[in-house]
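Novice: What follows is entry_38.cif; its format and atoms are mmCIF, C-alpha atoms.
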```cif
data_my_file
#
loop_
_atom_site.group_PDB
_atom_site.id
_atom_site.type_symbol
_atom_site.label_atom_id
_atom_site.label_comp_id
_atom_site.auth_asym_id
_atom_site.auth_seq_id
_atom_site.Cartn_x
_atom_site.Cartn_y
_atom_site.Cartn_z
ATOM 1 C CA MET A 23 112.813 103.568 89.690
ATOM 2 C CA ARG A 24 113.701 104.767 93.150
ATOM 3 C CA ARG A 25 115.767 107.588 91.660
ATOM 4 C CA LEU A 26 113.028 108.691 89.314
ATOM 5 C CA LEU A 27 110.281 108.419 91.917
ATOM 6 C CA PRO A 28 111.716 108.726 95.421
ATOM 7 C CA HIS A 29 108.231 109.372 96.809
ATOM 8 C CA PRO A 30 105.820 107.347 94.663
ATOM 9 C CA ILE A 31 102.772 107.913 96.896
ATOM 10 C CA LEU A 32 103.329 111.654 97.027
ATOM 11 C CA SER A 33 103.852 111.870 93.260
ATOM 12 C CA LEU A 34 100.770 109.775 92.550
ATOM 13 C CA GLY A 35 98.716 111.904 94.913
ATOM 14 C CA LEU A 36 99.902 115.113 93.283
ATOM 15 C CA LEU A 37 99.042 113.787 89.837
ATOM 16 C CA GLY A 38 95.609 112.826 91.150
ATOM 17 C CA VAL A 39 94.998 116.302 92.550
ATOM 18 C CA TRP A 40 96.255 117.884 89.327
ATOM 19 C CA LEU A 41 93.818 115.825 87.266
ATOM 20 C CA LEU A 42 90.948 116.566 89.647
ATOM 21 C CA LEU A 43 91.569 120.299 89.349
ATOM 22 C CA THR A 44 91.866 120.400 85.567
ATOM 23 C CA ARG A 45 89.906 118.948 82.721
ATOM 24 C CA LEU A 46 91.064 115.422 82.041
ATOM 25 C CA SER A 47 93.120 115.436 78.854
ATOM 26 C CA PRO A 48 96.332 113.756 77.659
ATOM 27 C CA GLY A 49 98.115 117.114 77.884
ATOM 28 C CA HIS A 50 97.267 117.476 81.540
ATOM 29 C CA VAL A 51 98.361 113.915 82.268
ATOM 30 C CA VAL A 52 101.805 114.772 80.845
ATOM 31 C CA LEU A 53 102.021 118.149 82.586
ATOM 32 C CA GLY A 54 100.722 116.778 85.875
ATOM 33 C CA SER A 55 103.151 113.854 85.761
ATOM 34 C CA ALA A 56 106.058 116.232 85.162
ATOM 35 C CA VAL A 57 105.039 118.379 88.146
ATOM 36 C CA ALA A 58 104.536 115.263 90.304
ATOM 37 C CA VAL A 59 107.970 113.831 89.467
ATOM 38 C CA VAL A 60 109.821 117.120 90.057
ATOM 39 C CA ALA A 61 107.929 117.684 93.330
ATOM 40 C CA GLY A 62 108.915 114.158 94.397
ATOM 41 C CA TRP A 63 112.615 115.020 93.869
ATOM 42 C CA ALA A 64 112.226 118.276 95.767
ATOM 43 C CA PHE A 65 110.519 116.521 98.672
ATOM 44 C CA ALA A 66 113.219 113.833 98.750
ATOM 45 C CA ARG A 67 115.681 116.590 99.713
ATOM 46 C CA ILE A 68 113.588 117.405 102.773
ATOM 47 C CA GLU A 69 112.533 113.880 103.662
ATOM 48 C CA PRO A 70 114.740 111.190 102.117
ATOM 49 C CA GLU A 71 112.880 108.265 103.688
ATOM 50 C CA ALA A 72 109.757 107.443 101.706
ATOM 51 C CA PRO A 73 106.988 105.572 103.496
ATOM 52 C CA ARG A 74 106.258 102.272 101.791
ATOM 53 C CA PRO A 75 103.232 100.439 103.151
ATOM 54 C CA ARG A 76 103.766 96.685 103.233
ATOM 55 C CA ALA A 77 100.129 95.936 102.574
ATOM 56 C CA VAL A 78 97.346 98.003 101.072
ATOM 57 C CA TRP A 79 94.334 95.881 102.025
ATOM 58 C CA PRO A 80 94.381 96.856 105.752
ATOM 59 C CA LEU A 81 94.321 100.505 104.674
ATOM 60 C CA VAL A 82 91.271 99.929 102.490
ATOM 61 C CA ARG A 83 89.521 98.188 105.387
ATOM 62 C CA LEU A 84 90.563 101.021 107.700
ATOM 63 C CA ALA A 85 89.102 103.599 105.316
ATOM 64 C CA GLY A 86 85.773 101.790 105.369
ATOM 65 C CA ILE A 87 85.740 101.502 109.161
ATOM 66 C CA VAL A 88 86.669 105.155 109.590
ATOM 67 C CA PHE A 89 83.997 106.278 107.136
ATOM 68 C CA LEU A 90 81.298 104.557 109.202
ATOM 69 C CA ASP A 91 82.760 105.661 112.546
ATOM 70 C CA VAL A 92 82.915 109.303 111.476
ATOM 71 C CA LEU A 93 79.302 109.138 110.343
ATOM 72 C CA ARG A 94 78.219 107.518 113.590
ATOM 73 C CA SER A 95 80.090 109.890 115.876
ATOM 74 C CA ASN A 96 78.821 112.911 113.913
ATOM 75 C CA TYR A 97 75.355 111.787 114.827
ATOM 76 C CA ALA A 98 76.295 111.044 118.445
ATOM 77 C CA VAL A 99 78.034 114.380 119.056
ATOM 78 C CA ALA A 100 75.309 116.346 117.260
ATOM 79 C CA ARG A 101 72.726 114.716 119.525
ATOM 80 C CA LEU A 102 74.751 115.515 122.631
ATOM 81 C CA LEU A 103 75.081 119.146 121.514
ATOM 82 C CA VAL A 104 71.374 119.505 120.963
ATOM 83 C CA GLY A 105 71.056 118.317 124.526
ATOM 84 C CA GLY A 106 70.375 114.610 124.573
ATOM 85 C CA GLY A 107 69.452 115.001 128.239
ATOM 86 C CA ARG A 108 71.949 112.443 129.518
ATOM 87 C CA GLN A 109 74.684 113.630 131.841
ATOM 88 C CA ARG A 110 77.917 113.841 129.881
ATOM 89 C CA ARG A 111 81.461 113.977 131.174
ATOM 90 C CA SER A 112 84.447 114.857 129.021
ATOM 91 C CA ALA A 113 87.900 113.727 130.045
ATOM 92 C CA PHE A 114 91.531 113.193 129.104
ATOM 93 C CA VAL A 115 92.676 109.723 128.098
ATOM 94 C CA HIS A 116 96.247 108.465 127.869
ATOM 95 C CA ILE A 117 96.998 105.821 125.293
ATOM 96 C CA ARG A 118 100.312 104.084 124.729
ATOM 97 C CA LEU A 119 100.843 103.680 121.009
ATOM 98 C CA ARG A 120 102.897 100.907 119.457
ATOM 99 C CA LEU A 121 103.107 102.700 116.115
ATOM 100 C CA LYS A 122 106.433 104.292 115.276
ATOM 101 C CA ASN A 123 106.080 104.972 111.560
ATOM 102 C CA ARG A 124 105.556 108.689 111.062
ATOM 103 C CA LEU A 125 103.135 108.413 108.167
ATOM 104 C CA ALA A 126 101.045 105.916 110.132
ATOM 105 C CA LEU A 127 101.025 108.256 113.138
ATOM 106 C CA GLY A 128 99.964 111.078 110.848
ATOM 107 C CA MET A 129 97.126 108.958 109.501
ATOM 108 C CA LEU A 130 96.028 108.092 113.029
ATOM 109 C CA ALA A 131 96.027 111.809 113.869
ATOM 110 C CA VAL A 132 93.818 112.513 110.855
ATOM 111 C CA ILE A 133 91.418 109.717 111.864
ATOM 112 C CA ILE A 134 91.181 110.832 115.491
ATOM 113 C CA THR A 135 90.716 114.464 114.536
ATOM 114 C CA ALA A 136 88.186 113.767 111.796
ATOM 115 C CA THR A 137 86.076 111.739 114.210
ATOM 116 C CA PRO A 138 83.951 114.110 116.262
ATOM 117 C CA GLY A 139 84.238 113.442 119.970
ATOM 118 C CA THR A 140 87.957 112.692 120.081
ATOM 119 C CA ALA A 141 90.771 115.227 119.874
ATOM 120 C CA TRP A 142 94.481 114.468 119.550
ATOM 121 C CA LEU A 143 96.256 116.770 121.973
ATOM 122 C CA GLU A 144 99.795 115.604 122.569
ATOM 123 C CA TYR A 145 102.100 112.804 121.505
ATOM 124 C CA ASP A 146 105.437 112.006 123.020
ATOM 125 C CA GLU A 147 107.809 110.391 120.559
ATOM 126 C CA GLN A 148 110.065 108.871 123.205
ATOM 127 C CA THR A 149 107.454 107.223 125.380
ATOM 128 C CA GLY A 150 104.877 106.671 122.641
ATOM 129 C CA LEU A 151 102.261 108.140 124.938
ATOM 130 C CA LEU A 152 99.333 109.894 123.306
ATOM 131 C CA LEU A 153 97.072 112.297 125.154
ATOM 132 C CA LEU A 154 93.519 112.458 123.852
ATOM 133 C CA HIS A 155 90.571 114.478 124.960
ATOM 134 C CA VAL A 156 87.255 112.676 124.748
ATOM 135 C CA PHE A 157 83.970 114.536 124.556
ATOM 136 C CA ASP A 158 81.754 111.806 125.930
ATOM 137 C CA MET A 159 83.715 109.741 128.409
ATOM 138 C CA VAL A 160 82.089 106.462 129.200
ATOM 139 C CA ASP A 161 85.016 104.378 130.302
ATOM 140 C CA GLU A 162 88.723 104.806 129.711
ATOM 141 C CA ALA A 163 89.402 101.209 128.733
ATOM 142 C CA THR A 164 86.785 101.337 125.969
ATOM 143 C CA TRP A 165 88.562 104.252 124.316
ATOM 144 C CA GLN A 166 91.986 102.664 124.663
ATOM 145 C CA ASP A 167 90.614 99.482 123.163
ATOM 146 C CA LEU A 168 88.962 101.412 120.317
ATOM 147 C CA ILE A 169 92.136 103.218 119.288
ATOM 148 C CA ALA A 170 94.496 100.273 119.779
ATOM 149 C CA ASN A 171 92.409 97.477 118.298
ATOM 150 C CA ARG A 172 90.224 99.223 115.760
ATOM 151 C CA TYR A 173 92.661 101.659 114.169
ATOM 152 C CA GLU A 174 96.176 101.051 115.369
ATOM 153 C CA SER A 175 96.289 97.329 114.667
ATOM 154 C CA LEU A 176 95.276 97.866 111.034
ATOM 155 C CA LEU A 177 97.908 100.593 110.671
ATOM 156 C CA MET A 178 100.473 98.229 112.206
ATOM 157 C CA GLU A 179 99.553 95.608 109.632
ATOM 158 C CA ALA A 180 100.103 98.107 106.852
ATOM 159 C CA PHE A 181 103.237 99.825 108.103
ATOM 160 C CA GLY A 182 104.697 97.444 110.662
ATOM 161 C CA MET B 7 68.376 130.287 89.362
ATOM 162 C CA THR B 8 66.768 129.240 86.084
ATOM 163 C CA ALA B 9 69.312 126.484 85.532
ATOM 164 C CA LEU B 10 68.552 125.141 89.008
ATOM 165 C CA GLU B 11 64.836 125.078 88.293
ATOM 166 C CA ALA B 12 65.434 122.687 85.428
ATOM 167 C CA MET B 13 67.109 120.196 87.776
ATOM 168 C CA PRO B 14 65.101 116.970 87.922
ATOM 169 C CA LEU B 15 63.473 116.057 91.200
ATOM 170 C CA TRP B 16 65.434 112.837 91.697
ATOM 171 C CA LEU B 17 68.604 114.910 91.841
ATOM 172 C CA ALA B 18 67.233 118.022 93.533
ATOM 173 C CA LEU B 19 65.995 116.022 96.515
ATOM 174 C CA PRO B 20 69.312 114.421 97.523
ATOM 175 C CA VAL B 21 71.162 117.685 96.842
ATOM 176 C CA ALA B 22 68.757 119.592 99.082
ATOM 177 C CA ALA B 23 68.870 116.912 101.770
ATOM 178 C CA LEU B 24 72.679 116.911 101.786
ATOM 179 C CA LEU B 25 72.742 120.714 102.031
ATOM 180 C CA VAL B 26 70.343 120.670 104.972
ATOM 181 C CA VAL B 27 72.295 117.935 106.773
ATOM 182 C CA GLY B 28 75.630 119.653 106.130
ATOM 183 C CA SER B 29 74.530 123.093 107.203
ATOM 184 C CA THR B 30 72.747 121.723 110.271
ATOM 185 C CA LEU B 31 75.941 119.990 111.377
ATOM 186 C CA ALA B 32 77.998 123.124 110.744
ATOM 187 C CA PHE B 33 75.452 125.167 112.685
ATOM 188 C CA LEU B 34 75.438 122.744 115.618
ATOM 189 C CA GLY B 35 79.222 122.852 115.633
ATOM 190 C CA ALA B 36 79.180 126.646 115.802
ATOM 191 C CA LEU B 37 76.529 126.570 118.504
ATOM 192 C CA GLY B 38 78.572 124.081 120.526
ATOM 193 C CA LEU B 39 81.656 126.274 120.189
ATOM 194 C CA LEU B 40 79.628 129.115 121.651
ATOM 195 C CA ARG B 41 77.883 127.216 124.435
ATOM 196 C CA LEU B 42 80.483 124.793 125.775
ATOM 197 C CA THR B 43 82.597 126.064 128.619
ATOM 198 C CA SER B 44 86.158 124.713 128.598
ATOM 199 C CA PHE B 45 88.709 124.915 125.783
ATOM 200 C CA TYR B 46 89.033 121.137 125.551
ATOM 201 C CA GLU B 47 85.287 120.656 125.191
ATOM 202 C CA ARG B 48 85.011 123.427 122.660
ATOM 203 C CA ILE B 49 87.531 121.939 120.229
ATOM 204 C CA HIS B 50 85.168 119.005 119.709
ATOM 205 C CA ALA B 51 82.246 121.031 118.389
ATOM 206 C CA PRO B 52 83.766 122.344 115.140
ATOM 207 C CA THR B 53 84.780 118.828 114.097
ATOM 208 C CA LEU B 54 81.141 118.379 113.122
ATOM 209 C CA GLY B 55 81.671 121.120 110.562
ATOM 210 C CA THR B 56 85.013 119.798 109.345
ATOM 211 C CA SER B 57 83.845 116.200 108.970
ATOM 212 C CA TRP B 58 80.329 115.490 107.726
ATOM 213 C CA GLY B 59 79.260 119.124 107.760
ATOM 214 C CA ALA B 60 81.797 119.863 105.066
ATOM 215 C CA ALA B 61 81.448 116.477 103.396
ATOM 216 C CA ALA B 62 77.682 116.740 102.921
ATOM 217 C CA ILE B 63 77.846 120.269 101.493
ATOM 218 C CA LEU B 64 80.714 119.287 99.182
ATOM 219 C CA LEU B 65 78.814 116.211 98.045
ATOM 220 C CA ALA B 66 75.771 118.359 97.293
ATOM 221 C CA SER B 67 77.940 120.770 95.317
ATOM 222 C CA LEU B 68 79.571 117.890 93.443
ATOM 223 C CA LEU B 69 76.220 116.380 92.441
ATOM 224 C CA GLY B 70 74.535 119.693 91.626
ATOM 225 C CA TYR B 71 77.318 121.227 89.554
ATOM 226 C CA SER B 72 78.138 118.015 87.745
ATOM 227 C CA TRP B 73 74.562 118.068 86.467
ATOM 228 C CA LEU B 74 74.451 121.822 85.774
ATOM 229 C CA GLN B 75 77.676 121.856 83.778
ATOM 230 C CA ASP B 76 76.999 118.491 82.225
ATOM 231 C CA ARG B 77 80.381 116.997 83.092
ATOM 232 C CA VAL B 78 81.811 115.209 86.100
ATOM 233 C CA ILE B 79 83.167 117.762 88.562
ATOM 234 C CA LEU B 80 85.348 116.428 91.329
ATOM 235 C CA HIS B 81 87.120 119.554 92.650
ATOM 236 C CA GLU B 82 85.176 119.167 95.869
ATOM 237 C CA ILE B 83 87.040 115.972 96.707
ATOM 238 C CA VAL B 84 90.251 117.994 96.813
ATOM 239 C CA ILE B 85 88.674 120.508 99.212
ATOM 240 C CA GLY B 86 87.507 117.695 101.475
ATOM 241 C CA LEU B 87 90.928 116.036 101.367
ATOM 242 C CA PHE B 88 92.749 119.205 102.343
ATOM 243 C CA VAL B 89 90.306 120.023 105.118
ATOM 244 C CA MET B 90 90.884 116.523 106.505
ATOM 245 C CA ILE B 91 94.665 116.674 106.273
ATOM 246 C CA THR B 92 95.107 120.181 107.651
ATOM 247 C CA THR B 93 92.732 120.197 110.642
ATOM 248 C CA PRO B 94 94.920 117.929 112.810
ATOM 249 C CA VAL B 95 97.812 120.358 112.372
ATOM 250 C CA THR B 96 95.772 123.304 113.658
ATOM 251 C CA LEU B 97 94.282 121.221 116.422
ATOM 252 C CA MET B 98 97.670 119.959 117.649
ATOM 253 C CA VAL B 99 99.115 123.464 117.747
ATOM 254 C CA LEU B 100 96.059 124.822 119.567
ATOM 255 C CA GLY B 101 96.053 121.833 121.924
ATOM 256 C CA ALA B 102 99.756 122.193 122.705
ATOM 257 C CA ALA B 103 99.288 125.905 123.443
ATOM 258 C CA ALA B 104 96.321 125.236 125.736
ATOM 259 C CA LEU B 105 98.125 122.427 127.588
ATOM 260 C CA LYS B 106 101.171 124.609 128.119
ATOM 261 C CA ARG B 107 99.081 127.470 129.450
ATOM 262 C CA ASP B 108 97.046 125.289 131.795
ATOM 263 C CA ARG B 109 100.090 123.420 133.140
ATOM 264 C CA GLU B 110 101.918 126.653 133.844
ATOM 265 C CA GLU B 111 98.893 127.909 135.690
ATOM 266 C CA GLY B 112 98.784 124.606 137.576
ATOM 267 C CA ASP B 113 95.283 123.620 136.510
ATOM 268 C CA PRO B 114 94.573 120.368 138.386
ATOM 269 C CA ALA B 115 92.163 119.131 135.693
ATOM 270 C CA VAL B 116 94.951 118.885 133.112
ATOM 271 C CA PRO B 117 97.201 115.790 133.221
ATOM 272 C CA PRO B 118 100.922 116.538 133.697
ATOM 273 C CA ARG B 119 103.402 116.112 130.902
ATOM 274 C CA ALA B 120 104.331 112.458 130.404
ATOM 275 C CA ALA B 121 107.765 112.007 132.038
ATOM 276 C CA THR B 122 110.909 111.656 129.902
ATOM 277 C CA GLY B 123 110.076 113.924 126.989
ATOM 278 C CA GLY B 124 112.370 116.924 126.948
ATOM 279 C CA HIS B 125 111.422 118.677 123.728
ATOM 280 C CA ALA B 126 108.391 120.725 122.845
ATOM 281 C CA PRO B 127 105.019 118.995 122.407
ATOM 282 C CA GLY B 128 102.839 119.307 119.349
ATOM 283 C CA HIS B 129 104.638 116.796 117.217
ATOM 284 C CA VAL B 130 103.305 117.595 113.773
ATOM 285 C CA GLU B 131 103.367 114.883 111.165
ATOM 286 C CA ARG B 132 104.370 115.593 107.647
ATOM 287 C CA GLN B 133 101.837 114.471 105.099
ATOM 288 C CA GLY B 134 102.564 113.165 101.618
#
```
Can the structure in the file be given as structure tokens, please?
Specialist:
Amino acid sequence: MRRLLPHPILSLGLLGVWLLLTRLSPGHVVLGSAVAVVAGWAFARIEPEAPRPRAVWPLVRLAGIVFLDVLRSNYAVARLLVGGGRQRRSAFVHIRLRLKNRLALGMLAVIITATPGTAWLEYDEQTGLLLLHVFDMVDEATWQDLIANRYESLLMEAFG
Amino acid sequence: MTALEAMPLWLALPVAALLVVGSTLAFLGALGLLRLTSFYERIHAPTLGTSWGAAAILLASLLGYSWLQDRVILHEIVIGLFVMITTPVTLMVLGAAALKRDREEGDPAVPPRAATGGHAPGHVERQG
């Protein structure tokens, strides 16, 4: 199984995209699966280590949380841009991450970037220190707590 | 436009609302990019366009065209997915370039590079 599908998540994702872009038919399932399997082999040459989440449920919960947070911060940032009147201060925030898994870090980067108001600027692999820029800085500890306890802990549960 | 005129009201209303919300967010993002002053503030504005700005317009397109062509169309999900996955890459590269420039110029507002790290910043994650 591992030899046929060295990157099961990647292959499954590719098949999904293939089916979304074509009309769903048995022929496309076969063709898409063939492309997905071959692409999995090719990618295994570049990146032999496949990420295997230990648990899927934390990721589902994370997706729900992120969906709501992105919606909320879209509204917040849009209001600030229109000129909500309140004095706003943007600032840099350092956060020490416990995550080491590269896929999990990538997911965290997607979450932080997709959420308006926070921007991922720099990550140091050796120290695990992440530099963020925050659009509406209220208090540094609140942001550190948000990233570490809201997102990172769920990613830790899934990837360890 | 004739096909659009035949669209029932219960569908036309949410499609129109989503389009207005999406384009308003994209517009505000563009306006913010224009009006904000520093690089680090400006990178926040377009995220409105890449998150719910794009999502709302894509959702409107998904609903509208699924009805017009009388089959479920989900291409838009792929667009949204790729926008989400690729923006961090651009942002990290831009951010790394800006940090490098500002540190070399000795801008006091920018935090110094976190100690030990010897190699280049902008660690880009590979996505599946």
Novice: Report as a PyMOL selection string the full result of the PyMOL selection byres ((chain A and resi 139) around 7) when it is applied to this structure.
Specialist: (chain A and resi 95+99+137-138+140-141+156-158) or (chain B and resi 50)
Novice: Enumerate, as a compact mmCIF listing (two decimals) with C-alpha atoms, in the frame of the given file, the residues matched when the PyMOL selection byres ((chain A) within 8 of (chain B)) is run on the file above.
Specialist:
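Here's the written file result30.txt:
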```txt
# COMPACT_ATOMS: atom_id res chain seq x y z
CA ILE A 31 102.77 107.91 96.90
CA LEU A 32 103.33 111.65 97.03
CA GLY A 35 98.72 111.90 94.91
CA VAL A 39 95.00 116.30 92.55
CA LEU A 42 90.95 116.57 89.65
CA LEU A 43 91.57 120.30 89.35
CA VAL A 92 82.92 109.30 111.48
CA LEU A 93 79.30 109.14 110.34
CA ASN A 96 78.82 112.91 113.91
CA VAL A 99 78.03 114.38 119.06
CA ALA A 100 75.31 116.35 117.26
CA LEU A 103 75.08 119.15 121.51
CA VAL A 104 71.37 119.50 120.96
CA SER A 112 84.45 114.86 129.02
CA PHE A 114 91.53 113.19 129.10
CA ARG A 124 105.56 108.69 111.06
CA LEU A 125 103.14 108.41 108.17
CA LEU A 127 101.02 108.26 113.14
CA GLY A 128 99.96 111.08 110.85
CA ALA A 131 96.03 111.81 113.87
CA VAL A 132 93.82 112.51 110.86
CA THR A 135 90.72 114.46 114.54
CA ALA A 136 88.19 113.77 111.80
CA THR A 137 86.08 111.74 114.21
CA PRO A 138 83.95 114.11 116.26
CA GLY A 139 84.24 113.44 119.97
CA THR A 140 87.96 112.69 120.08
CA ALA A 141 90.77 115.23 119.87
CA TRP A 142 94.48 114.47 119.55
CA LEU A 143 96.26 116.77 121.97
CA GLU A 144 99.80 115.60 122.57
CA TYR A 145 102.10 112.80 121.50
CA ASP A 146 105.44 112.01 123.02
CA GLU A 147 107.81 110.39 120.56
CA GLN A 148 110.06 108.87 123.20
CA THR A 149 107.45 107.22 125.38
CA LEU A 151 102.26 108.14 124.94
CA HIS A 155 90.57 114.48 124.96
CA PHE A 157 83.97 114.54 124.56
```
Novice: What is the distance, in Å and to one decimal place, between atom CA of Ala18 of chain B and atom CA of Gln75 of chain B?
Specialist: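 Distance between the two atoms: 14.8 Å.
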Novice: Skip segment 49-62 of chain A itself and residues of its chain fewer than 6 positions away, then list as a PyMOL selection string all residues within 8 Å of it, counting all atoms listed in the file.
Specialist: chain A and resi 26-30+32-34+36-37+40-41
Novice: Hey, can you check how far atom CA of Ala66 of chain B sits from atom CA of Leu19 of chain B?
Specialist: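 Value for the atom CA of Ala66 of chain B-atom CA of Leu19 of chain B distance: 10.1 Å.
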Novice: Counting only C-alpha atoms, note down every residue that has an atom within 6 Å of the point (102.5, 96.3, 105.0) (file coordinates), as a count of residues only.
Specialist: 6
Novice: For atom CA of Gln109 of chain A and atom CA of Val160 of chain A, determine how far apart the two atoms are, in Å to one decimal place.
Specialist: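 Here the two named atoms are 10.6 Å from each other.
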Novice: Quick one: 4 Å padding each side, axis-aligned, all listed atoms of segment 159-172 of chain A - centre and edge lengths in Å to one decimal, as JSON?
Specialist:
```
{"center_x": 88.3, "center_y": 103.6, "center_z": 123.0, "size_x": 20.4, "size_y": 20.3, "size_z": 22.5}
```
Novice: For Arg118 of chain A, work out the shell of residues within 9 Å, counting all atoms listed in the file and skipping chain neighbours fewer than 6 positions away, then give it as JSON, numbers by chain.
Specialist: {"A": [149, 150, 151, 152, 153, 166, 170]}
